[in-house]
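Structure file query_26.cif with mmCIF, C-alpha atoms:
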data_input
loop_
_atom_site.label_atom_id
_atom_site.label_comp_id
_atom_site.auth_asym_id
_atom_site.auth_seq_id
_atom_site.Cartn_x
_atom_site.Cartn_y
_atom_site.Cartn_z
CA MET A 183 -15.54 -11.60 -4.02
CA GLU A 184 -12.94 -8.86 -3.59
CA PHE A 185 -10.65 -8.48 -6.61
CA GLN A 186 -6.92 -8.88 -6.01
CA PHE A 187 -3.99 -8.45 -8.39
CA ASN A 188 -1.88 -11.60 -8.67
CA LEU A 189 1.71 -11.43 -9.94
CA GLY A 190 1.45 -14.93 -11.39
CA GLN A 191 -1.83 -14.25 -13.17
CA HIS A 192 -2.03 -10.58 -14.16
CA SER A 193 0.10 -8.36 -16.40
CA LEU A 194 -0.08 -4.65 -17.09
CA LEU A 195 -0.76 -3.67 -20.69
CA ARG A 196 1.39 -0.87 -22.08
CA THR A 197 1.66 0.72 -25.50
CA LEU A 198 4.90 0.74 -27.49
CA ASN A 199 5.83 4.08 -25.94
CA GLY A 200 5.38 2.74 -22.42
CA GLU A 201 2.01 4.21 -21.50
CA LEU A 202 -0.71 2.17 -19.84
CA VAL A 203 -3.54 1.08 -22.13
CA HIS A 204 -6.70 2.84 -21.00
CA GLY A 205 -10.34 1.95 -21.55
CA VAL A 206 -13.57 3.89 -21.31
CA ASN A 207 -15.22 4.98 -18.08
CA ASN A 208 -11.86 5.82 -16.47
CA THR A 209 -10.38 2.31 -16.55
CA PHE A 210 -7.05 0.70 -17.47
CA ALA A 211 -6.26 -2.66 -19.09
CA VAL A 212 -4.81 -5.75 -17.43
CA PHE A 213 -4.26 -9.14 -19.07
CA ASP A 214 -5.61 -12.07 -17.05
CA SER A 215 -3.66 -15.20 -18.07
CA ALA A 216 -5.96 -17.55 -16.15
CA ALA A 217 -9.01 -16.38 -18.10
CA ASN A 218 -6.95 -15.67 -21.25
CA LYS A 219 -8.57 -12.28 -21.72
CA ILE A 220 -8.16 -8.59 -21.11
CA ILE A 221 -9.96 -7.14 -18.13
CA TYR A 222 -10.47 -3.49 -17.27
CA ARG A 223 -10.05 -2.16 -13.75
CA PRO A 224 -11.07 1.22 -12.29
CA ALA A 225 -8.45 3.99 -12.30
CA GLU A 226 -8.30 4.16 -8.50
CA GLU A 227 -6.57 0.75 -8.55
CA MET A 228 -3.86 1.95 -10.94
CA ALA A 229 -1.25 2.86 -8.30
CA LEU A 230 -1.63 -0.55 -6.66
CA ALA A 231 -1.39 -2.34 -10.02
CA VAL A 232 1.76 -0.44 -11.04
CA THR A 233 3.36 -1.28 -7.70
CA LEU A 234 2.48 -4.98 -7.66
CA LEU A 235 2.86 -5.72 -11.37
CA SER A 236 5.88 -3.55 -12.20
CA THR A 237 7.81 -6.63 -13.37
CA LYS A 238 4.89 -8.13 -15.31
CA THR A 239 4.11 -6.15 -18.44
CA MET A 240 2.72 -6.98 -21.88
CA ILE A 241 3.41 -4.64 -24.77
CA SER A 242 0.56 -3.85 -27.15
CA LYS A 243 1.76 -3.67 -30.76
CA VAL A 244 -1.17 -1.41 -31.52
CA PRO A 245 -0.02 2.25 -31.72
CA LEU A 246 -1.31 4.49 -28.94
CA PRO A 247 -3.87 6.46 -31.01
CA LEU A 248 -5.30 3.23 -32.45
CA ALA A 249 -5.35 1.57 -29.04
CA SER A 250 -7.16 4.55 -27.56
CA THR A 251 -9.69 4.63 -30.39
CA SER A 252 -10.24 0.91 -30.17
CA SER A 253 -10.81 1.13 -26.43
CA SER A 254 -13.27 3.97 -26.68
CA SER A 255 -15.33 2.17 -29.32
CA HIS A 256 -16.12 -0.71 -26.97
CA SER A 257 -18.83 -0.61 -24.36
CA SER A 258 -17.77 -1.13 -20.76
CA SER A 259 -19.52 -4.52 -20.71
CA LYS A 260 -17.56 -5.73 -23.73
CA GLN A 261 -14.29 -4.47 -22.27
CA LYS A 262 -14.64 -6.69 -19.23
CA SER A 263 -14.69 -9.84 -21.38
CA GLU A 264 -12.60 -8.84 -24.38
CA ASP A 265 -10.72 -11.75 -25.98
CA HIS A 266 -7.00 -10.96 -26.12
CA SER A 267 -6.68 -12.74 -29.49
CA SER A 268 -7.68 -9.48 -31.18
CA TYR A 269 -4.42 -7.96 -29.95
CA SER A 270 -0.77 -8.76 -30.45
CA TYR A 271 1.48 -8.63 -27.41
CA SER A 272 4.99 -9.45 -26.38
CA THR A 273 5.93 -10.01 -22.77
CA SER A 274 8.68 -7.95 -21.20
CA SER A 275 10.72 -7.78 -18.06
CA PRO A 276 13.04 -4.99 -16.84
CA SER A 277 15.83 -7.57 -16.46
CA SER A 278 15.69 -8.61 -20.12
CA SER A 279 18.22 -6.86 -22.35
CA SER A 280 16.23 -7.71 -25.48
CA SER A 281 12.98 -6.44 -24.03
CA PRO A 282 10.99 -3.93 -26.12
CA MET A 283 10.76 -1.93 -22.90
CA SER A 284 14.54 -1.47 -22.64
CA ALA A 285 14.27 1.90 -24.39
CA PHE A 286 11.89 3.18 -21.73
CA PRO A 287 12.21 1.58 -18.26
CA LEU A 288 9.00 0.94 -16.39
CA PRO A 289 8.13 4.04 -14.39
CA LEU A 290 8.01 3.59 -10.64
CA SER A 291 5.44 5.56 -8.70
CA SER A 292 8.06 6.11 -5.99
CA SER A 293 11.00 4.41 -4.32
CA GLU A 294 10.20 1.86 -1.65
CA ILE A 295 9.36 3.09 1.82
CA TRP A 296 10.56 1.72 5.17
CA LYS A 297 13.19 -0.58 3.72
CA LYS A 298 15.03 -2.63 6.31
CA ASN A 299 18.69 -1.83 6.95
CA SER A 300 18.43 1.32 4.86
CA GLY A 301 19.90 3.54 7.58
CA LYS A 302 18.46 6.96 8.25
CA GLN A 303 14.84 7.46 7.25
CA THR A 304 14.25 9.43 4.08
CA PRO A 305 11.84 12.39 3.81
CA GLN A 306 9.52 9.99 1.98
CA ASP A 307 9.68 7.53 4.90
CA LEU A 308 8.69 10.32 7.29
CA SER A 309 5.88 11.47 5.01
CA ALA A 310 4.62 7.88 4.75
CA ARG A 311 4.73 7.55 8.53
CA SER A 312 2.59 10.65 8.92
CA ASP A 313 0.07 9.38 6.35
CA LEU A 314 -0.01 5.96 8.00
CA LEU A 315 -0.79 7.50 11.39
CA ASP A 316 -3.60 9.55 9.84
CA LEU A 317 -5.10 6.36 8.40
CA VAL A 318 -4.66 4.42 11.65
CA ARG A 319 -6.46 7.24 13.47
CA ILE A 320 -9.39 6.88 11.05
CA HIS A 321 -9.54 3.08 11.42
CA TYR A 322 -8.47 2.80 15.07
CA GLU A 323 -11.89 1.76 16.34
CA ASN A 324 -11.85 -1.22 13.97
CA ILE A 325 -8.21 -1.99 14.77
CA THR A 326 -9.05 -2.31 18.47
CA ASP A 327 -12.34 -4.12 17.89
CA LYS A 328 -11.75 -7.77 18.83
CA SER A 329 -14.49 -8.93 16.46
CA THR A 330 -12.87 -7.26 13.44
CA CYS A 331 -10.21 -8.96 11.33
CA LYS A 332 -7.08 -6.83 11.73
CA LYS A 333 -5.69 -8.05 8.41
CA SER A 334 -8.69 -6.74 6.49
CA VAL A 335 -8.38 -3.34 8.19
CA PHE A 336 -4.70 -3.04 7.30
CA LYS A 337 -5.42 -4.16 3.74
CA LYS A 338 -7.63 -1.08 3.42
CA ILE A 339 -4.94 1.08 5.00
CA ALA A 340 -2.27 -0.36 2.69
CA LEU A 341 -4.43 0.25 -0.38
CA SER A 342 -4.91 3.87 0.69
CA MET A 343 -1.13 4.22 1.09
CA GLN A 344 -0.53 2.76 -2.38
CA ASN A 345 -3.15 5.06 -3.87
CA LYS A 346 -1.15 7.93 -2.40
CA GLY A 347 1.80 6.70 -4.47
CA TYR A 348 3.86 4.84 -1.86
CA SER A 349 5.67 1.70 -3.00
CA PHE A 350 6.28 -1.43 -0.92
CA GLY A 351 8.14 -3.35 -3.60
CA ASN A 352 7.44 -7.09 -3.44
CA ARG A 353 6.53 -6.98 0.26
CA ASP A 354 3.02 -7.51 1.59
CA ALA A 355 1.89 -3.90 1.99
CA ALA A 356 -0.74 -4.75 4.62
CA LEU A 357 1.78 -6.60 6.78
CA VAL A 358 4.31 -3.79 6.42
CA CYS A 359 1.75 -1.18 7.50
CA GLN A 360 0.55 -3.32 10.39
CA GLY A 361 4.12 -4.01 11.52
CA LYS A 362 5.07 -0.33 11.29
CA TRP A 363 2.08 0.69 13.43
CA LYS A 364 2.65 -2.06 16.02
CA ASN A 365 6.31 -1.09 16.29
CA MET A 366 5.50 2.59 16.89
CA GLU A 367 2.70 1.74 19.32
CA SER A 368 5.00 -0.62 21.23
CA LYS A 369 7.77 1.97 21.58
CA VAL A 370 5.30 4.59 22.81
CA THR A 371 3.71 2.26 25.38
CA THR A 372 7.17 1.18 26.56
CA PHE A 373 8.12 4.83 26.94
CA LEU A 374 4.93 5.47 28.95
CA ALA A 375 5.53 2.43 31.15
CA ASN A 376 8.96 3.83 31.96
CA GLY A 377 7.46 7.02 33.31
CA GLY A 378 6.70 8.85 30.10
CA PRO A 379 7.69 12.47 29.44
CA ASN A 380 7.87 13.23 33.16
CA ASN A 381 10.68 10.75 33.80
CA THR A 382 13.92 12.71 33.46
CA GLY A 383 16.03 10.68 35.86
CA ASN A 384 18.56 7.94 35.28
CA GLY A 385 17.27 5.19 33.05
CA ALA A 386 14.77 7.45 31.32
CA LEU A 387 14.02 6.39 27.76
CA ARG A 388 14.31 8.68 24.77
CA LYS A 389 10.96 10.08 23.72
CA PRO A 390 10.01 8.69 20.28
CA ASP A 391 9.79 11.31 17.53
CA TYR A 392 6.23 10.24 16.81
CA PHE A 393 5.15 10.08 20.48
CA ASP A 394 2.59 12.91 20.31
CA GLU A 395 0.86 11.54 17.20
CA VAL A 396 0.68 7.96 18.47
CA PHE A 397 -0.37 9.01 21.97
CA ASP A 398 -3.17 11.10 20.49
CA ILE A 399 -4.50 7.92 18.85
CA ILE A 400 -4.22 5.58 21.85
CA LYS A 401 -4.76 8.06 24.70
CA ASN A 402 -8.17 6.67 25.67
CA SER A 403 -7.00 3.06 25.78
CA ALA A 404 -5.52 1.17 28.73
CA LYS A 405 -2.27 0.95 26.77
CA ALA A 406 -1.79 4.68 27.17
CA LYS A 407 -1.72 4.54 30.97
CA PRO A 408 1.74 4.04 32.51
CA LYS A 409 2.00 0.73 34.37
CA ASN A 410 2.74 2.36 37.74
CA LEU A 411 -0.38 4.51 37.32
CA GLN A 412 -2.49 1.46 36.46
CA ASP A 413 -1.15 -0.37 39.52
CA SER A 414 -2.02 2.53 41.82
CA MET A 415 -5.50 2.71 40.33
CA CYS A 416 -6.02 -0.99 40.98
CA LEU A 417 -5.01 -0.56 44.63
CA GLN A 418 -7.54 2.20 45.30
CA VAL A 419 -10.51 1.06 47.37
CA PRO A 420 -13.79 3.00 47.15
CA GLU A 421 -14.85 4.65 50.39
#
Is it possible to give me this structure as structure tokens?
Amino acid sequence: MEFQFNLGQHSLLRTLNGELVHGVNNTFAVFDSAANKIIYRPAEEMALAVTLLSTKTMISKVPLPLASTSSSSHSSSKQKSEDHSSYSYSTSSPSSSSSPMSAFPLPLSSSEIWKKNSGKQTPQDLSARSDLLDLVRIHYENITDKSTCKKSVFKKIALSMQNKGYSFGNRDAALVCQGKWKNMESKVTTFLANGGPNNTGNGALRKPDYFDEVFDIIKNSAKAKPKNLQDSMCLQVPE
């Protein structure tokens, strides 16, 4: 079963100076309240965990050097089932004035991307758009495959975006990525249906900034053919 971080179940573990508690074999610690134990997850999931669990943190009262030594003395198999009773923790939240974390706010990997009603897109939004299109290009065959679950494809894309350091706040990253792609694809296909780049007359639509990148992805699909061209192709009768 695929592992998923759950805001109601998992908490990040940080030391008193705000650093994540690390384990051996390139892992980091997360407290699982349902199992009442500490679990260790691979480092490649760290960006996702920091994004999703930024408001759920437990503070280890063990000093950093001791915590590091303690972690390294355990085997990876013991780490996965370590009882949290051997530690002392206090929960914290950025909104709590008495929180032990108030002296060092939780670090954010980056500000949120593609926020609604935020006005002009930031350089980070544009960078994220470029990275999203690169990932869609890689997964496009699966995205257009009717037998493939689109949600699972965009979950992979969203995880790749989060591993690059992009933050989606409390929003569903997969849905945001899927919605962003569908919106860009829709605007490009609408532009093509209106005559595309060759239509310079009255009523011509503005060419989307990302037209070339999106068109390069969908160019071999029926969506990329302007409607008037498709109609003329349908009317042709073989000799």
Nearest candidate to A:Ala355 (options A:Phe187, A:Phe336, A:Phe210, A:Phe397; using only C-alpha atoms):
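Using only C-alpha atoms, A:Ala355 sits closest to A:Phe336.
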Given the file shown, determine the residues that the PyMOL selection byres ((chain A and resi 387) around 12) selects; report them as a PDB file with C-alpha atoms, in the frame of the given file.
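Just written: selection02.pdb:
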ATOM      1  CA  LYS A 369       7.770   1.970  21.580  1.00  0.00           C
ATOM      2  CA  VAL A 370       5.300   4.590  22.810  1.00  0.00           C
ATOM      3  CA  THR A 371       3.710   2.260  25.380  1.00  0.00           C
ATOM      4  CA  THR A 372       7.170   1.180  26.560  1.00  0.00           C
ATOM      5  CA  PHE A 373       8.120   4.830  26.940  1.00  0.00           C
ATOM      6  CA  LEU A 374       4.930   5.470  28.950  1.00  0.00           C
ATOM      7  CA  ALA A 375       5.530   2.430  31.150  1.00  0.00           C
ATOM      8  CA  ASN A 376       8.960   3.830  31.960  1.00  0.00           C
ATOM      9  CA  GLY A 377       7.460   7.020  33.310  1.00  0.00           C
ATOM     10  CA  GLY A 378       6.700   8.850  30.100  1.00  0.00           C
ATOM     11  CA  PRO A 379       7.690  12.470  29.440  1.00  0.00           C
ATOM     12  CA  ASN A 380       7.870  13.230  33.160  1.00  0.00           C
ATOM     13  CA  ASN A 381      10.680  10.750  33.800  1.00  0.00           C
ATOM     14  CA  THR A 382      13.920  12.710  33.460  1.00  0.00           C
ATOM     15  CA  GLY A 383      16.030  10.680  35.860  1.00  0.00           C
ATOM     16  CA  ASN A 384      18.560   7.940  35.280  1.00  0.00           C
ATOM     17  CA  GLY A 385      17.270   5.190  33.050  1.00  0.00           C
ATOM     18  CA  ALA A 386      14.770   7.450  31.320  1.00  0.00           C
ATOM     19  CA  ARG A 388      14.310   8.680  24.770  1.00  0.00           C
ATOM     20  CA  LYS A 389      10.960  10.080  23.720  1.00  0.00           C
ATOM     21  CA  PRO A 390      10.010   8.690  20.280  1.00  0.00           C
TER      22      PRO A 390
END
Here is a test: counting only C-alpha atoms, which residue of A:Phe393, A:Ala216, A:Ala225, A:Arg196 is nearest to A:Ala406?
A:Phe393
Between atom CA of A:Val206 and atom CA of A:Phe185, what distance in Å does the model show, to one decimal?
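These two atoms are separated by 19.4 Å.
Between atom CA of A:Glu367 and atom CA of A:Ile295 there is a distance of 18.8 Å.
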Top pick for closest residue to A:Arg319, considering A:Lys297, A:Lys337, A:Lys401, A:Arg353 and counting only C-alpha atoms
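That would be A:Lys401, the residue with the smallest distance to A:Arg319.
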Using only C-alpha atoms, which of A:Ser334, A:Asn365, A:Ala404, A:Gln360 sits nearest A:Glu184?
A:Ser334
